[in-house]
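One structure is given here, and the rest of the page talks about it.
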Amino acid sequence: MARIPLSMEPTGWFQVAWSAELAVGAVRRMTYFGREMVAWRAASGTVAVFDAYCEHLGAHLGYGGHVEGENIVCPFHGWEWNREGRNVCIPYESRPNKGRRIRSYPVVERNAAIWIWYDVDNRPPHFDVPDIFTDFGDNKTADDYYPPVPAATLFRQQLEIHPQYIMENGVDFAHFKFVHKTPFMPEFTRHDFSGPVSYVDFTIAFDEGATLEEATSGVESINAGLGCSVTKSWGMVDNRTMPAVTPVDEYTSDVRFTVWIGRKPGEESGPITDYGKTMADFVIEQFEADIEIWRHQRYSDPPALSRKEYQGFTALRAWATQFYPDRPAVRDVGSDKRKVVS
């Protein structure tokens, strides 16, 4: 596969786990953006994500490190670090080392997931992770849906996929008919790329024989940067989805997909039912069809767009540029040779 001519270190929020995967006191190893990291949950329930190595002598906190109260303890010499990455205790000294700090990442827990803010220059967050319920303004809550984790999720590791692919999918009206076998191509009713959080809405149907003129269903999406997207479907099976693509290294990303299926009227709270699982599997199957395309795709720059495609794709790609570091891009030049171009 050709090297993707886009930085694999875009700025933004990226999912690194589902909340249920990190119990109180747990320490979880992970690799994202080419960096070894650890996620850990303090006694208060708060999650922290660090670079993995102790600033004392470089021990990896994910191999034997443990949580005590609100701190993580290095397995090598017992140095304790708080959630901000600051040393708060050296057990054989009277005071901590205030001059060293482990790089920590801003963390948000939302939509049953753990998100970190990544920026190559360590700038603070300037937009937020959308809430899959409150931000659509329809008074629905998580209680109206089956809990999605783990039964209604998909996790694919280290695929040759870039986060921008999924955002471009949202303005690609033509692929719905050919990849998802919809009876007609959707009509977009909203393209708003005026800020770091964008909005894309369209009318769509999956029922055989449906027509655009008579369509009474559609999708609304909120895209916070390139790594975080939430969608709401209306007029069809009540579902909300959360696709997330997080770069692992220069070539690959982890892909997660979470599906909330609306409960049947009058149904009380409880775990996901056979109905909910069947509907979630159908939605996941549609997303898997996209993944199969993306993982073998060559990023086309500039693309050969048709007249109808031009406005959506050019607007999205212009919007996406704000999330990339201001530095030379590395482009594929064939085989294993790489050239930096300004």
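Ordering of the structure tokens sets the chain letters (A, B, ...), residue numbers begin anew at 1 in every chain, and ligands are numbered from 1 in the order given.
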### Task
Please return as a PyMOL selection string: the residues of range 176-270 of chain A that backbone DSSP assigns to strand (DSSP E or B).
chain A and resi 187-192+197-203+218-224+228-234+239-247+253-262
Practice prompt. Find the spatial neighbours of Asp144 in chain A, counting only C-alpha atoms, within a cut-off of 9 Å - ignore same-chain residues fewer than 6 positions away - and output them as a ChimeraX atom specification.
Written response: /A:261-264,267-269
Once you have the residues from the selection above, write them out as a CSV table (one decimal), in the first residue's frame, restricted to all heavy atoms.
chain,number,residue,atom,x,y,z
A,261,ILE,N,-28.5,1.1,20.0
A,261,ILE,CA,-29.8,0.8,19.4
A,261,ILE,C,-30.9,1.2,20.4
A,261,ILE,O,-30.9,0.8,21.6
A,261,ILE,CB,-29.9,-0.7,19.1
A,261,ILE,CG1,-28.9,-1.1,18.1
A,261,ILE,CG2,-31.4,-1.0,18.6
A,261,ILE,CD1,-29.0,-0.5,16.7
A,262,GLY,N,-31.9,1.9,19.9
A,262,GLY,CA,-33.0,2.3,20.7
A,262,GLY,C,-33.9,1.2,21.3
A,262,GLY,O,-34.2,0.2,20.5
A,263,ARG,N,-34.2,1.3,22.5
A,263,ARG,CA,-35.1,0.2,23.1
A,263,ARG,C,-36.5,0.3,22.5
A,263,ARG,O,-37.0,1.3,22.0
A,263,ARG,CB,-35.2,0.5,24.6
A,263,ARG,CG,-33.9,0.3,25.4
A,263,ARG,CD,-34.1,0.5,26.9
A,263,ARG,NE,-32.9,0.4,27.6
A,263,ARG,CZ,-32.3,-0.8,28.0
A,263,ARG,NH1,-32.9,-1.9,27.7
A,263,ARG,NH2,-31.2,-0.8,28.7
A,264,LYS,N,-37.2,-0.9,22.5
A,264,LYS,CA,-38.5,-0.9,22.1
A,264,LYS,C,-39.4,-0.1,23.0
A,264,LYS,O,-39.1,-0.1,24.2
A,264,LYS,CB,-39.0,-2.4,21.9
A,264,LYS,CG,-38.3,-3.1,20.8
A,264,LYS,CD,-38.9,-4.5,20.7
A,264,LYS,CE,-38.3,-5.3,19.5
A,264,LYS,NZ,-38.9,-6.7,19.4
A,267,GLU,N,-40.1,-0.8,27.0
A,267,GLU,CA,-39.1,-1.7,27.5
A,267,GLU,C,-38.3,-1.1,28.6
A,267,GLU,O,-37.8,0.0,28.5
A,267,GLU,CB,-38.2,-2.2,26.4
A,267,GLU,CG,-37.4,-3.4,26.7
A,267,GLU,CD,-36.6,-3.9,25.4
A,267,GLU,OE1,-36.0,-3.1,24.8
A,267,GLU,OE2,-36.7,-5.1,25.2
A,268,GLU,N,-38.2,-1.9,29.7
A,268,GLU,CA,-37.4,-1.3,30.9
A,268,GLU,C,-35.9,-1.5,30.6
A,268,GLU,O,-35.5,-2.2,29.7
A,268,GLU,CB,-37.9,-2.1,32.1
A,268,GLU,CG,-39.3,-1.9,32.5
A,268,GLU,CD,-39.7,-2.6,33.8
A,268,GLU,OE1,-38.8,-3.3,34.3
A,268,GLU,OE2,-40.8,-2.5,34.2
A,269,SER,N,-35.2,-0.8,31.5
A,269,SER,CA,-33.7,-0.8,31.4
A,269,SER,C,-33.2,-2.3,31.6
A,269,SER,O,-33.9,-3.1,32.3
A,269,SER,CB,-33.1,0.1,32.4
A,269,SER,OG,-33.4,-0.3,33.7
(message) Using only C-alpha atoms, which protein or nucleic acid residues come within 7 Å of Val24 in chain A? Drop anything in the same chain fewer than 5 positions from it, and give the result as a ChimeraX atom specification.
(response) /A:41-43,45
Once you have the residues from the selection above, write them out as a PDB file, in the first residue's frame, restricted to N, CA, C and O atoms.
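The resulting file, part16.pdb, is reproduced below:
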ATOM      1  N   ARG A  41      -6.718   4.252  36.088  1.00  0.00           N
ATOM      2  CA  ARG A  41      -7.880   4.832  36.756  1.00  0.00           C
ATOM      3  C   ARG A  41      -7.615   4.925  38.254  1.00  0.00           C
ATOM      4  O   ARG A  41      -7.379   3.901  38.916  1.00  0.00           O
ATOM      5  N   ALA A  42      -7.653   6.148  38.778  1.00  0.00           N
ATOM      6  CA  ALA A  42      -7.394   6.398  40.188  1.00  0.00           C
ATOM      7  C   ALA A  42      -8.557   5.904  41.054  1.00  0.00           C
ATOM      8  O   ALA A  42      -9.636   5.569  40.557  1.00  0.00           O
ATOM      9  N   ALA A  43      -8.343   5.890  42.362  1.00  0.00           N
ATOM     10  CA  ALA A  43      -9.364   5.423  43.299  1.00  0.00           C
ATOM     11  C   ALA A  43     -10.641   6.250  43.192  1.00  0.00           C
ATOM     12  O   ALA A  43     -11.743   5.736  43.415  1.00  0.00           O
ATOM     13  N   GLY A  45     -11.919   7.248  40.521  1.00  0.00           N
ATOM     14  CA  GLY A  45     -12.559   6.927  39.261  1.00  0.00           C
ATOM     15  C   GLY A  45     -12.047   7.734  38.087  1.00  0.00           C
ATOM     16  O   GLY A  45     -12.393   7.459  36.939  1.00  0.00           O
TER      17      GLY A  45
END
Closest of A:Ala151, A:Val255, A:Met8, A:Leu316 to Ile272 in chain A, counting only C-alpha atoms, is A:Ala151
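Look at Arg110 in chain A: the protein and nucleic acid residues within 7 Å of it, using only C-alpha atoms and passing over chain neighbours fewer than 3 places away, are A:Ala113, A:Ile114, A:Asp131.
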For the residues selected in the previous step, produce a file with N, CA and C atoms as a short mmCIF file (atom, residue, chain, number, x, y, z; two decimals), in the first residue's frame.
data_model
loop_
_atom_site.label_atom_id
_atom_site.label_comp_id
_atom_site.auth_asym_id
_atom_site.auth_seq_id
_atom_site.Cartn_x
_atom_site.Cartn_y
_atom_site.Cartn_z
N ALA A 113 -16.72 5.97 26.46
CA ALA A 113 -15.37 5.85 25.90
C ALA A 113 -14.39 6.79 26.59
N ILE A 114 -13.11 6.46 26.45
CA ILE A 114 -12.02 7.28 26.95
C ILE A 114 -11.33 7.94 25.76
N ASP A 131 -21.35 15.09 22.90
CA ASP A 131 -22.15 14.11 23.63
C ASP A 131 -23.16 13.51 22.66
#
Nearby residues (only C-alpha atoms) at most 9 Å from Thr189 in chain A, same-chain spacing under 6 positions excluded, as a ChimeraX atom specification
/A:200-203
* Asked: What is the distance between CA of Val179 in chain A and CA of Glu309 in chain A, in Å to one decimal?
  ->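 Computed distance, CA of Val179 in chain A to CA of Glu309 in chain A, equals 16.5 Å.
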Of the candidates A:Leu57, A:Ala48, A:Leu154, A:Ala174, which one gets nearest to Gly78 in chain A if we count only C-alpha atoms?
->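 Of the candidates, the smallest distance to Gly78 in chain A is held by A:Leu57.
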Please list as a PDB file with all heavy atoms, in the first residue's frame every residue within 8 Å of Val283 in chain A, counting only C-alpha atoms and excluding residues in the same chain fewer than 4 positions away.
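And here is the file that came out, out_17.pdb:
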ATOM      1  N   VAL A 259     -22.228   1.208  18.729  1.00  0.00           N
ATOM      2  CA  VAL A 259     -23.593   1.353  18.226  1.00  0.00           C
ATOM      3  C   VAL A 259     -24.589   1.318  19.383  1.00  0.00           C
ATOM      4  O   VAL A 259     -24.616   0.356  20.157  1.00  0.00           O
ATOM      5  CB  VAL A 259     -23.942   0.233  17.219  1.00  0.00           C
ATOM      6  CG1 VAL A 259     -25.361   0.427  16.686  1.00  0.00           C
ATOM      7  CG2 VAL A 259     -22.943   0.199  16.073  1.00  0.00           C
ATOM      8  N   MET A 279     -29.988  -5.794  15.438  1.00  0.00           N
ATOM      9  CA  MET A 279     -29.959  -4.480  14.781  1.00  0.00           C
ATOM     10  C   MET A 279     -28.549  -3.882  14.805  1.00  0.00           C
ATOM     11  O   MET A 279     -28.085  -3.295  13.823  1.00  0.00           O
ATOM     12  CB  MET A 279     -30.936  -3.525  15.464  1.00  0.00           C
ATOM     13  CG  MET A 279     -32.406  -3.904  15.307  1.00  0.00           C
ATOM     14  SD  MET A 279     -32.961  -3.916  13.571  1.00  0.00           S
ATOM     15  CE  MET A 279     -32.943  -5.678  13.222  1.00  0.00           C
ATOM     16  N   PHE A 287     -20.725  -0.736   8.424  1.00  0.00           N
ATOM     17  CA  PHE A 287     -19.450  -0.063   8.690  1.00  0.00           C
ATOM     18  C   PHE A 287     -18.267  -0.923   8.246  1.00  0.00           C
ATOM     19  O   PHE A 287     -17.271  -0.417   7.715  1.00  0.00           O
ATOM     20  CB  PHE A 287     -19.340   0.262  10.182  1.00  0.00           C
ATOM     21  CG  PHE A 287     -18.147   1.115  10.537  1.00  0.00           C
ATOM     22  CD1 PHE A 287     -18.068   2.428  10.122  1.00  0.00           C
ATOM     23  CD2 PHE A 287     -17.104   0.593  11.292  1.00  0.00           C
ATOM     24  CE1 PHE A 287     -16.974   3.225  10.453  1.00  0.00           C
ATOM     25  CE2 PHE A 287     -16.010   1.375  11.620  1.00  0.00           C
ATOM     26  CZ  PHE A 287     -15.942   2.691  11.202  1.00  0.00           C
TER      27      PHE A 287
END
